file model02.pdb (PDB, C-alpha atoms, pLDDT in the B column)
ATOM      1  CA  MET A   3      -5.403 -44.121  38.349  1.00 74.00           C
ATOM      2  CA  LYS A   4      -7.712 -42.894  35.629  1.00 86.00           C
ATOM      3  CA  LYS A   5      -7.926 -45.089  32.576  1.00 87.00           C
ATOM      4  CA  ASP A   6      -7.466 -43.932  28.977  1.00 86.00           C
ATOM      5  CA  ILE A   7      -5.991 -40.493  29.775  1.00 89.00           C
ATOM      6  CA  HIS A   8      -2.469 -41.133  28.461  1.00 86.00           C
ATOM      7  CA  PRO A   9      -1.596 -41.148  24.748  1.00 85.00           C
ATOM      8  CA  SER A  10      -0.871 -44.490  23.167  1.00 86.00           C
ATOM      9  CA  ASN A  11       1.111 -43.316  20.129  1.00 86.00           C
ATOM     10  CA  TYR A  12       4.602 -43.244  21.688  1.00 92.00           C
ATOM     11  CA  ARG A  13       7.496 -43.785  19.263  1.00 92.00           C
ATOM     12  CA  LEU A  14      11.256 -43.240  19.234  1.00 94.00           C
ATOM     13  CA  VAL A  15      12.094 -39.593  18.490  1.00 95.00           C
ATOM     14  CA  ALA A  16      15.479 -37.846  18.095  1.00 95.00           C
ATOM     15  CA  PHE A  17      15.893 -34.593  20.032  1.00 94.00           C
ATOM     16  CA  LYS A  18      18.694 -32.313  18.780  1.00 93.00           C
ATOM     17  CA  ASP A  19      20.201 -29.430  20.750  1.00 90.00           C
ATOM     18  CA  MET A  20      20.820 -26.822  18.041  1.00 86.00           C
ATOM     19  CA  SER A  21      23.419 -24.925  20.090  1.00 82.00           C
ATOM     20  CA  ASN A  22      25.902 -27.831  20.263  1.00 87.00           C
ATOM     21  CA  ASP A  23      24.479 -30.466  17.850  1.00 86.00           C
ATOM     22  CA  GLU A  24      24.033 -33.038  20.642  1.00 90.00           C
ATOM     23  CA  VAL A  25      21.391 -35.678  19.801  1.00 93.00           C
ATOM     24  CA  PHE A  26      19.530 -38.049  22.097  1.00 92.00           C
ATOM     25  CA  ILE A  27      16.768 -40.519  21.328  1.00 94.00           C
ATOM     26  CA  THR A  28      13.792 -41.209  23.568  1.00 94.00           C
ATOM     27  CA  ARG A  29      10.152 -42.186  23.329  1.00 94.00           C
ATOM     28  CA  SER A  30       7.764 -39.296  22.702  1.00 94.00           C
ATOM     29  CA  THR A  31       4.445 -38.291  21.165  1.00 93.00           C
ATOM     30  CA  ALA A  32       5.825 -34.961  19.869  1.00 91.00           C
ATOM     31  CA  GLU A  33       4.595 -34.081  16.379  1.00 90.00           C
ATOM     32  CA  THR A  34       7.263 -33.121  13.837  1.00 92.00           C
ATOM     33  CA  LYS A  35       7.817 -33.036  10.097  1.00 93.00           C
ATOM     34  CA  ASP A  36      11.637 -33.192  10.198  1.00 93.00           C
ATOM     35  CA  THR A  37      13.643 -36.418  10.304  1.00 93.00           C
ATOM     36  CA  LEU A  38      17.219 -37.301  11.230  1.00 93.00           C
ATOM     37  CA  GLU A  39      19.249 -40.412  10.489  1.00 93.00           C
ATOM     38  CA  VAL A  40      21.154 -41.793  13.476  1.00 92.00           C
ATOM     39  CA  ASP A  41      23.234 -44.976  13.102  1.00 92.00           C
ATOM     40  CA  GLY A  42      21.437 -45.876   9.880  1.00 94.00           C
ATOM     41  CA  VAL A  43      17.936 -45.495  11.350  1.00 93.00           C
ATOM     42  CA  GLU A  44      15.678 -42.546  10.482  1.00 95.00           C
ATOM     43  CA  TYR A  45      13.846 -40.892  13.389  1.00 95.00           C
ATOM     44  CA  PRO A  46      11.405 -37.983  13.642  1.00 95.00           C
ATOM     45  CA  LEU A  47      13.399 -34.908  14.732  1.00 94.00           C
ATOM     46  CA  VAL A  48      12.535 -32.342  17.408  1.00 93.00           C
ATOM     47  CA  LYS A  49      14.866 -29.308  17.436  1.00 92.00           C
ATOM     48  CA  MET A  50      15.627 -27.656  20.781  1.00 89.00           C
ATOM     49  CA  GLU A  51      17.433 -24.401  21.537  1.00 84.00           C
ATOM     50  CA  ILE A  52      18.855 -25.647  24.827  1.00 83.00           C
ATOM     51  CA  SER A  53      19.128 -28.974  26.668  1.00 82.00           C
ATOM     52  CA  ASN A  54      20.999 -30.407  29.630  1.00 78.00           C
ATOM     53  CA  THR A  55      24.169 -30.590  27.495  1.00 79.00           C
ATOM     54  CA  SER A  56      24.211 -26.821  26.934  1.00 77.00           C
ATOM     55  CA  HIS A  57      22.300 -25.327  29.879  1.00 71.00           C
ATOM     56  CA  PRO A  58      24.551 -23.350  32.281  1.00 70.00           C
ATOM     57  CA  PHE A  59      23.056 -25.073  35.338  1.00 69.00           C
ATOM     58  CA  TYR A  60      24.267 -28.481  34.136  1.00 65.00           C
ATOM     59  CA  THR A  61      27.498 -27.417  32.423  1.00 71.00           C
ATOM     60  CA  GLY A  62      28.690 -24.902  35.019  1.00 73.00           C
ATOM     61  CA  LYS A  63      29.602 -22.491  32.217  1.00 73.00           C
ATOM     62  CA  VAL A  64      27.886 -19.197  31.551  1.00 68.00           C
ATOM     63  CA  LYS A  65      26.978 -19.036  27.896  1.00 61.00           C
ATOM     64  CA  LEU A  66      24.907 -16.433  26.071  1.00 61.00           C
ATOM     65  CA  VAL A  67      22.189 -18.119  24.036  1.00 60.00           C
ATOM     66  CA  ASP A  68      20.466 -15.577  21.811  1.00 61.00           C
ATOM     67  CA  THR A  69      18.816 -17.219  18.837  1.00 61.00           C
ATOM     68  CA  ALA A  70      16.280 -14.466  18.223  1.00 66.00           C
ATOM     69  CA  GLY A  71      18.711 -11.504  18.202  1.00 73.00           C
ATOM     70  CA  ARG A  72      17.187  -9.984  21.324  1.00 75.00           C
ATOM     71  CA  VAL A  73      20.505  -8.719  22.698  1.00 75.00           C
ATOM     72  CA  ASP A  74      21.401  -6.945  19.450  1.00 78.00           C
ATOM     73  CA  LYS A  75      17.926  -5.453  19.238  1.00 80.00           C
ATOM     74  CA  PHE A  76      18.239  -4.133  22.808  1.00 80.00           C
ATOM     75  CA  MET A  77      21.725  -2.708  22.204  1.00 79.00           C
ATOM     76  CA  ASN A  78      20.620  -0.919  19.023  1.00 82.00           C
ATOM     77  CA  LYS A  79      17.531   0.491  20.715  1.00 82.00           C
ATOM     78  CA  TYR A  80      19.461   2.013  23.647  1.00 82.00           C
ATOM     79  CA  LYS A  81      22.669   2.951  21.817  1.00 81.00           C
ATOM     80  CA  LYS A  82      21.695   6.636  21.873  1.00 79.00           C
ATOM     81  CA  PHE A  83      21.776   6.672  25.692  1.00 78.00           C
ATOM     82  CA  ALA A  84      25.313   5.221  25.967  1.00 73.00           C
ATOM     83  CA  LYS A  85      28.032   7.458  27.362  1.00 70.00           C
ATOM     84  CA  ASN A  86      30.962   7.843  25.005  1.00 60.00           C
TER      85      ASN A  86
END

call {"tool": "encode", "arguments": {"input": "model02.pdb", "output": "structure tokens"}}
result
Amino acid sequence: MKKDIHPSNYRLVAFKDMSNDEVFITRSTAETKDTLEVDGVEYPLVKMEISNTSHPFYTGKVKLVDTAGRVDKFMNKYKKFAKN
């Protein structure tokens, strides 16, 4: 193995799934300015749109995740072609 290629600044970080508010804590080097208090301890916070607790592959449920409004933008753009 090559020496000195891995970062050495690992710390405990809270990852939060914004679609279902699930939080898990793991070691990471991810840079963030947000923090979150979990069980009286403050951790750096990384916000995620989807994780294993909300992804359809793991949950078995089909769920539309559209945080950027892409579906609405598409529907508005092609509304004139819809048959009434």

call {"tool": "resolve_selection", "arguments": {"input": "model02.pdb", "expression": "the PyMOL selection byres ((chain A and resi 11-14) around 8)", "output": "list in words"}}
result
Pro9, Ser10, Val15, Ala16, Ile27, Thr28, Arg29, Ser30, Thr31, Tyr45 and Pro46 of chain A

call {"tool": "write_last_selection", "arguments": {"input": "model02.pdb", "atoms": "C-alpha atoms", "output": "short mmCIF file (atom, residue, chain, number, x, y, z; two decimals), keeping the file's coordinate frame"}}
result
data_model
loop_
_atom_site.label_atom_id
_atom_site.label_comp_id
_atom_site.auth_asym_id
_atom_site.auth_seq_id
_atom_site.Cartn_x
_atom_site.Cartn_y
_atom_site.Cartn_z
CA PRO A 9 -1.60 -41.15 24.75
CA SER A 10 -0.87 -44.49 23.17
CA VAL A 15 12.09 -39.59 18.49
CA ALA A 16 15.48 -37.85 18.10
CA ILE A 27 16.77 -40.52 21.33
CA THR A 28 13.79 -41.21 23.57
CA ARG A 29 10.15 -42.19 23.33
CA SER A 30 7.76 -39.30 22.70
CA THR A 31 4.44 -38.29 21.16
CA TYR A 45 13.85 -40.89 13.39
CA PRO A 46 11.40 -37.98 13.64
#

call {"tool": "atom_distance", "arguments": {"input": "model02.pdb", "atom1": "CA of His57 in chain A", "atom2": "CA of Val73 in chain A"}}
result
18.2 Å

call {"tool": "resolve_selection", "arguments": {"input": "model02.pdb", "expression": "the PyMOL selection byres ((chain A and resi 54) around 12)", "output": "number ranges by chain"}}
result
A: 17-19, 21-22, 24-26, 50-53, 55-63

call {"tool": "write_last_selection", "arguments": {"input": "model02.pdb", "atoms": "C-alpha atoms", "output": "PDB file, in the coordinates of the input"}}
result
ATOM      1  CA  PHE A  17      15.893 -34.593  20.032  1.00 94.00           C
ATOM      2  CA  LYS A  18      18.694 -32.313  18.780  1.00 93.00           C
ATOM      3  CA  ASP A  19      20.201 -29.430  20.750  1.00 90.00           C
ATOM      4  CA  SER A  21      23.419 -24.925  20.090  1.00 82.00           C
ATOM      5  CA  ASN A  22      25.902 -27.831  20.263  1.00 87.00           C
ATOM      6  CA  GLU A  24      24.033 -33.038  20.642  1.00 90.00           C
ATOM      7  CA  VAL A  25      21.391 -35.678  19.801  1.00 93.00           C
ATOM      8  CA  PHE A  26      19.530 -38.049  22.097  1.00 92.00           C
ATOM      9  CA  MET A  50      15.627 -27.656  20.781  1.00 89.00           C
ATOM     10  CA  GLU A  51      17.433 -24.401  21.537  1.00 84.00           C
ATOM     11  CA  ILE A  52      18.855 -25.647  24.827  1.00 83.00           C
ATOM     12  CA  SER A  53      19.128 -28.974  26.668  1.00 82.00           C
ATOM     13  CA  THR A  55      24.169 -30.590  27.495  1.00 79.00           C
ATOM     14  CA  SER A  56      24.211 -26.821  26.934  1.00 77.00           C
ATOM     15  CA  HIS A  57      22.300 -25.327  29.879  1.00 71.00           C
ATOM     16  CA  PRO A  58      24.551 -23.350  32.281  1.00 70.00           C
ATOM     17  CA  PHE A  59      23.056 -25.073  35.338  1.00 69.00           C
ATOM     18  CA  TYR A  60      24.267 -28.481  34.136  1.00 65.00           C
ATOM     19  CA  THR A  61      27.498 -27.417  32.423  1.00 71.00           C
ATOM     20  CA  GLY A  62      28.690 -24.902  35.019  1.00 73.00           C
ATOM     21  CA  LYS A  63      29.602 -22.491  32.217  1.00 73.00           C
TER      22      LYS A  63
END

call {"tool": "closest_residue", "arguments": {"input": "model02.pdb", "among": "A:Asp6, A:Leu47, A:Met20, A:Lys82", "to": "Ala32 in chain A", "atoms": "all atoms listed in the file"}}
result
A:Leu47

call {"tool": "atom_distance", "arguments": {"input": "model02.pdb", "atom1": "CA of Glu44 in chain A", "atom2": "CA of Ile7 in chain A"}}
result
29.1 Å

call {"tool": "axis_aligned_box", "arguments": {"input": "model02.pdb", "around": "range 35-45 of chain A", "padding_each_side": "5 Å", "output": "JSON"}}
result
{"center_x": 15.5, "center_y": -39.5, "center_z": 11.7, "size_x": 25.4, "size_y": 22.8, "size_z": 13.6}

call {"tool": "atom_distance", "arguments": {"input": "model02.pdb", "atom1": "CA of Arg72 in chain A", "atom2": "CA of Asp23 in chain A"}}
result
22.0 Å
